[in-house]
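Shown next, in structure tokens, is the structure this report addresses.
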Amino acid sequence: MKLQRYGTIACLALAATLGLSACGSDNNEPASGASASGSAAAVDCATGTLNAQGSSAQKNAMAEWIKAYQQKCQGTTINYEASGSGAGIQAFIAGTADFAGSDSALKPEEQPQADAKCAGGKAIHLPMVIGPVAVAYNVSGVDNLQLKPATLAKIFAGKVTKWDDATIKADNPDAKLPATTIQTVHRSDESGTTDNFTKYLSKTAESDWTLGNAKAWKAPGGTGAKGSDGVASRVKGADGSIGYMEWSFAENAGLKMSKIGNGNGEFAALTAEAAGKTIAGAAIEGQGDDLKLKIDYNTKEAGAYPIVLATYEIVCSKGLAADKLKLVKGLLGHAASAEGQASLTELGYAPLPETVRTKVETAVKNLS
């Protein structure tokens, strides 16, 4: 599997691409060593049923965690539907999801709605998966495309419409660029990937990207496709196209990926190490057990790939139903444990940085 070679980098977790069922993927054993075995006996088993949904970026990670937990703890039924971040949040607010997976934090107007589901508590963000967003393209004869943030913003805003435009030539002085019309591809569904990608554009190229950030795509023109798999398929099938998607989808589709300009003035290729450098600079901006991350998209770290996202589990800090509390703590506690994180390496994931992991683990223990 292509993605396995990234599993040893401990700076980030890569969004996986396979479908999700309650029993997950087969034959994915936890990584060996003290970190994996040390927490094996500490799984807090519970019985009952959980229903959760949201981010498709984390669906294979969730499949592995569910599989491992159910193997250790009989009498549990855990369902995770990869419906997308926006749908997951709405399900949590509606009370049909016990927790939600989201690639972006709750909006200011969503926070009080989510808090209302938490008797005596608040809805908090627990980062579990961190990964980069690829800018993949399909342009005949072009193999090493590199784009500054302003150029990328102009392309997706519809201000640059031909591949041989002078703006793109300036970023690629040695490339033979065709006069092909640019076809941008974006998510048609509400997506945390879109939210993070547009947040990157608004923070790094604000004069060229004036549309802010949101889960729903706001720029005119272009072609919409559902899910990162849909975007990857569209890009793969059309010469002259360019789109954004979680890294693993671009890898699995065999797409070429652009180098992206960072705050240090370099064009950085998307690698585990390069994305990890940006993750390492993320700060926690939430209060208490609310662990929202603030990512510096203008990072000046040498070699850093700047477009990354964090996938959160959104859950009540207090007020979980009595018949759900122990099971939510058991599953998320396993996910946040050293064993839970290490078990994902064969799927192309890597453990959360230990400084973040221990904070998440403590926050899960504090759920009530």
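Chain labels run A, B, ... following the order of the structure tokens; each chain numbers its residues from 1, and ligands are numbered from 1 in the order shown.
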Item to check | For Ala91 (chain A): contacts at 9 Å, only C-alpha atoms, fewer than 6 positions along chain excluded, given as a PyMOL selection string | outcome: chain A and resi 52-54+97-100
Produce a file of the selected residues containing N, CA and C atoms, as a PDB file, in the first residue's frame.
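Below you can see part.pdb, which holds the result:
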```pdb
ATOM      1  N   ALA A  52     -22.410   7.726  15.692  1.00  0.00           N
ATOM      2  CA  ALA A  52     -21.663   8.955  15.439  1.00  0.00           C
ATOM      3  C   ALA A  52     -21.521   9.126  13.940  1.00  0.00           C
ATOM      4  N   GLN A  53     -21.241  10.351  13.524  1.00  0.00           N
ATOM      5  CA  GLN A  53     -21.024  10.598  12.098  1.00  0.00           C
ATOM      6  C   GLN A  53     -20.247  11.882  11.900  1.00  0.00           C
ATOM      7  N   GLY A  54     -19.849  12.097  10.628  1.00  0.00           N
ATOM      8  CA  GLY A  54     -19.135  13.317  10.291  1.00  0.00           C
ATOM      9  C   GLY A  54     -18.006  13.084   9.323  1.00  0.00           C
ATOM     10  N   ALA A  97     -26.547  12.066  16.785  1.00  0.00           N
ATOM     11  CA  ALA A  97     -25.176  11.564  16.866  1.00  0.00           C
ATOM     12  C   ALA A  97     -24.656  11.790  18.283  1.00  0.00           C
ATOM     13  N   ASP A  98     -24.052  10.752  18.859  1.00  0.00           N
ATOM     14  CA  ASP A  98     -23.516  10.852  20.217  1.00  0.00           C
ATOM     15  C   ASP A  98     -22.242  11.690  20.250  1.00  0.00           C
ATOM     16  N   PHE A  99     -21.510  11.709  19.162  1.00  0.00           N
ATOM     17  CA  PHE A  99     -20.423  12.660  18.968  1.00  0.00           C
ATOM     18  C   PHE A  99     -20.259  12.852  17.473  1.00  0.00           C
ATOM     19  N   ALA A 100     -19.575  13.909  17.078  1.00  0.00           N
ATOM     20  CA  ALA A 100     -19.407  14.220  15.662  1.00  0.00           C
ATOM     21  C   ALA A 100     -17.933  14.323  15.314  1.00  0.00           C
TER      22      ALA A 100
END
```
Item to check | Residue neighbourhood region 291-308 of chain A, 10 Å, only C-alpha atoms, exclusion window fewer than 6 positions, as JSON, numbers by chain | outcome: {"A": [12, 14, 104, 105, 106, 124, 125, 126, 127, 130, 131, 132, 133, 134, 135, 149, 193, 196, 197, 198, 199, 200, 201, 202, 203, 204, 205, 246, 247, 259, 260, 261, 262, 263, 264, 265, 266, 267, 268, 269, 270, 271, 272, 273, 274, 275, 276, 277, 278, 279, 280, 281, 282, 283, 284, 285, 356, 359, 360, 363]}
Item to check | Proximity to Thr181 (chain A) - best of A:Leu145, A:Ala232, A:Ala153, A:Val139, only C-alpha atoms | outcome: A:Val139
Checklist entry - In terms of the shortest atom-to-atom distance over only C-alpha atoms, which of A:Tyr312, A:Ala94, A:Pro178, A:Ser368 is closest to Asp239 (chain A)? => result A:Pro178
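Proximity to Cys45 (chain A) was assessed for A:His334, A:Lys218, A:Lys67, A:Lys148 counting only C-alpha atoms; the smallest distance is recorded for A:His334.
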Next on the checklist: When DSSP is applied to the backbone of this structure, which of region 135-293 of chain A are assigned alpha helix (DSSP H)? Write them out as JSON, numbers by chain.
Outcome noted: {"A": [149, 150, 151, 152, 153, 154, 155, 156, 166, 167, 168, 169, 170, 171, 192, 193, 194, 195, 196, 197, 198, 199, 200, 201, 202, 203, 204, 227, 228, 229, 230, 231, 232, 233, 234, 235, 236, 237, 247, 248, 249, 250, 251, 252, 272, 273, 274, 275, 276, 277, 278, 279, 280]}
Take the residues that were just selected and, keeping C-alpha atoms, output them as an mmCIF file, in the first residue's frame.
```
data_model
loop_
_atom_site.group_PDB
_atom_site.id
_atom_site.type_symbol
_atom_site.label_atom_id
_atom_site.label_comp_id
_atom_site.auth_asym_id
_atom_site.auth_seq_id
_atom_site.Cartn_x
_atom_site.Cartn_y
_atom_site.Cartn_z
ATOM 1 C CA PRO A 149 -0.672 31.385 -2.347
ATOM 2 C CA ALA A 150 -1.729 34.432 -4.397
ATOM 3 C CA THR A 151 -1.578 32.431 -7.622
ATOM 4 C CA LEU A 152 -3.606 29.617 -6.097
ATOM 5 C CA ALA A 153 -6.189 32.120 -4.862
ATOM 6 C CA LYS A 154 -6.492 33.723 -8.308
ATOM 7 C CA ILE A 155 -6.972 30.321 -9.944
ATOM 8 C CA PHE A 156 -9.757 29.194 -7.598
ATOM 9 C CA ALA A 166 1.702 35.172 -16.837
ATOM 10 C CA THR A 167 0.918 34.732 -13.128
ATOM 11 C CA ILE A 168 1.479 30.980 -13.319
ATOM 12 C CA LYS A 169 4.517 31.461 -15.583
ATOM 13 C CA ALA A 170 6.103 33.671 -12.946
ATOM 14 C CA ASP A 171 5.911 30.802 -10.441
ATOM 15 C CA GLY A 192 -14.124 20.757 6.637
ATOM 16 C CA THR A 193 -11.573 20.282 3.861
ATOM 17 C CA THR A 194 -13.138 23.218 2.013
ATOM 18 C CA ASP A 195 -13.213 25.229 5.232
ATOM 19 C CA ASN A 196 -9.517 24.625 5.855
ATOM 20 C CA PHE A 197 -8.499 25.199 2.240
ATOM 21 C CA THR A 198 -10.372 28.520 2.044
ATOM 22 C CA LYS A 199 -9.042 29.488 5.467
ATOM 23 C CA TYR A 200 -5.531 28.942 4.093
ATOM 24 C CA LEU A 201 -6.326 31.181 1.084
ATOM 25 C CA SER A 202 -7.889 33.900 3.224
ATOM 26 C CA LYS A 203 -4.897 33.947 5.607
ATOM 27 C CA THR A 204 -2.158 33.876 2.970
ATOM 28 C CA GLY A 227 -16.233 14.105 -1.306
ATOM 29 C CA SER A 228 -12.486 14.112 -1.804
ATOM 30 C CA ASP A 229 -12.888 10.926 -3.840
ATOM 31 C CA GLY A 230 -15.252 12.755 -6.200
ATOM 32 C CA VAL A 231 -12.836 15.678 -6.569
ATOM 33 C CA ALA A 232 -9.937 13.314 -7.256
ATOM 34 C CA SER A 233 -11.962 11.455 -9.875
ATOM 35 C CA ARG A 234 -12.898 14.686 -11.674
ATOM 36 C CA VAL A 235 -9.318 15.924 -11.717
ATOM 37 C CA LYS A 236 -8.034 12.575 -12.960
ATOM 38 C CA GLY A 237 -10.571 12.553 -15.799
ATOM 39 C CA TRP A 247 -3.654 13.825 0.602
ATOM 40 C CA SER A 248 -4.460 10.128 0.538
ATOM 41 C CA PHE A 249 -7.075 10.583 -2.195
ATOM 42 C CA ALA A 250 -4.527 12.287 -4.449
ATOM 43 C CA GLU A 251 -1.992 9.539 -3.689
ATOM 44 C CA ASN A 252 -4.398 6.695 -4.370
ATOM 45 C CA ALA A 272 4.918 13.804 5.707
ATOM 46 C CA GLU A 273 7.940 15.641 7.047
ATOM 47 C CA ALA A 274 6.992 18.942 5.390
ATOM 48 C CA ALA A 275 3.409 18.849 6.670
ATOM 49 C CA GLY A 276 4.644 17.799 10.092
ATOM 50 C CA LYS A 277 6.699 20.984 10.348
ATOM 51 C CA THR A 278 3.509 23.050 10.104
ATOM 52 C CA ILE A 279 1.688 20.848 12.593
ATOM 53 C CA ALA A 280 4.515 21.215 15.076
#
```
Checklist entry - Looking only at the backbone, which of the residues in region 49-159 of chain A does DSSP tag as strand (DSSP E or B), as number ranges by chain? => result A: 49-54, 76-81, 99-102, 123-138, 146-147
Next on the checklist: What's the separation between CA of Pro220 (chain A) and CA of Ala157 (chain A), in Å to one decimal place?
Outcome noted: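 So the two atoms, CA of Pro220 (chain A) and CA of Ala157 (chain A), lie 6.9 Å apart.
Put simply, CA of Gly243 (chain A) is 6.0 Å away from CA of His186 (chain A).
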Checklist entry - So what do you get for CA of Ser258 (chain A) versus CA of Glu190 (chain A), distance-wise? => result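 Computing it gives 23.9 Å between the two atoms.
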Checklist entry - Which residue gives the smallest distance to Ala123 (chain A) among A:Lys72, A:Lys256, A:Lys318, A:Arg187, with only C-alpha atoms counted? => result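 Closest candidate: A:Lys318.
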Item to check | Nearest to Gly120 (chain A) by atom-to-atom distance, counting only C-alpha atoms, from A:Asn51, A:Asn213, A:Ser317, A:Gln71 | outcome: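 Of the candidates, the smallest distance to Gly120 (chain A) is held by A:Ser317.
Among the candidates A:Ala82, A:Val364, A:Ala116, A:Ala68, the one nearest to Leu332 (chain A) when counting only C-alpha atoms is A:Val364.
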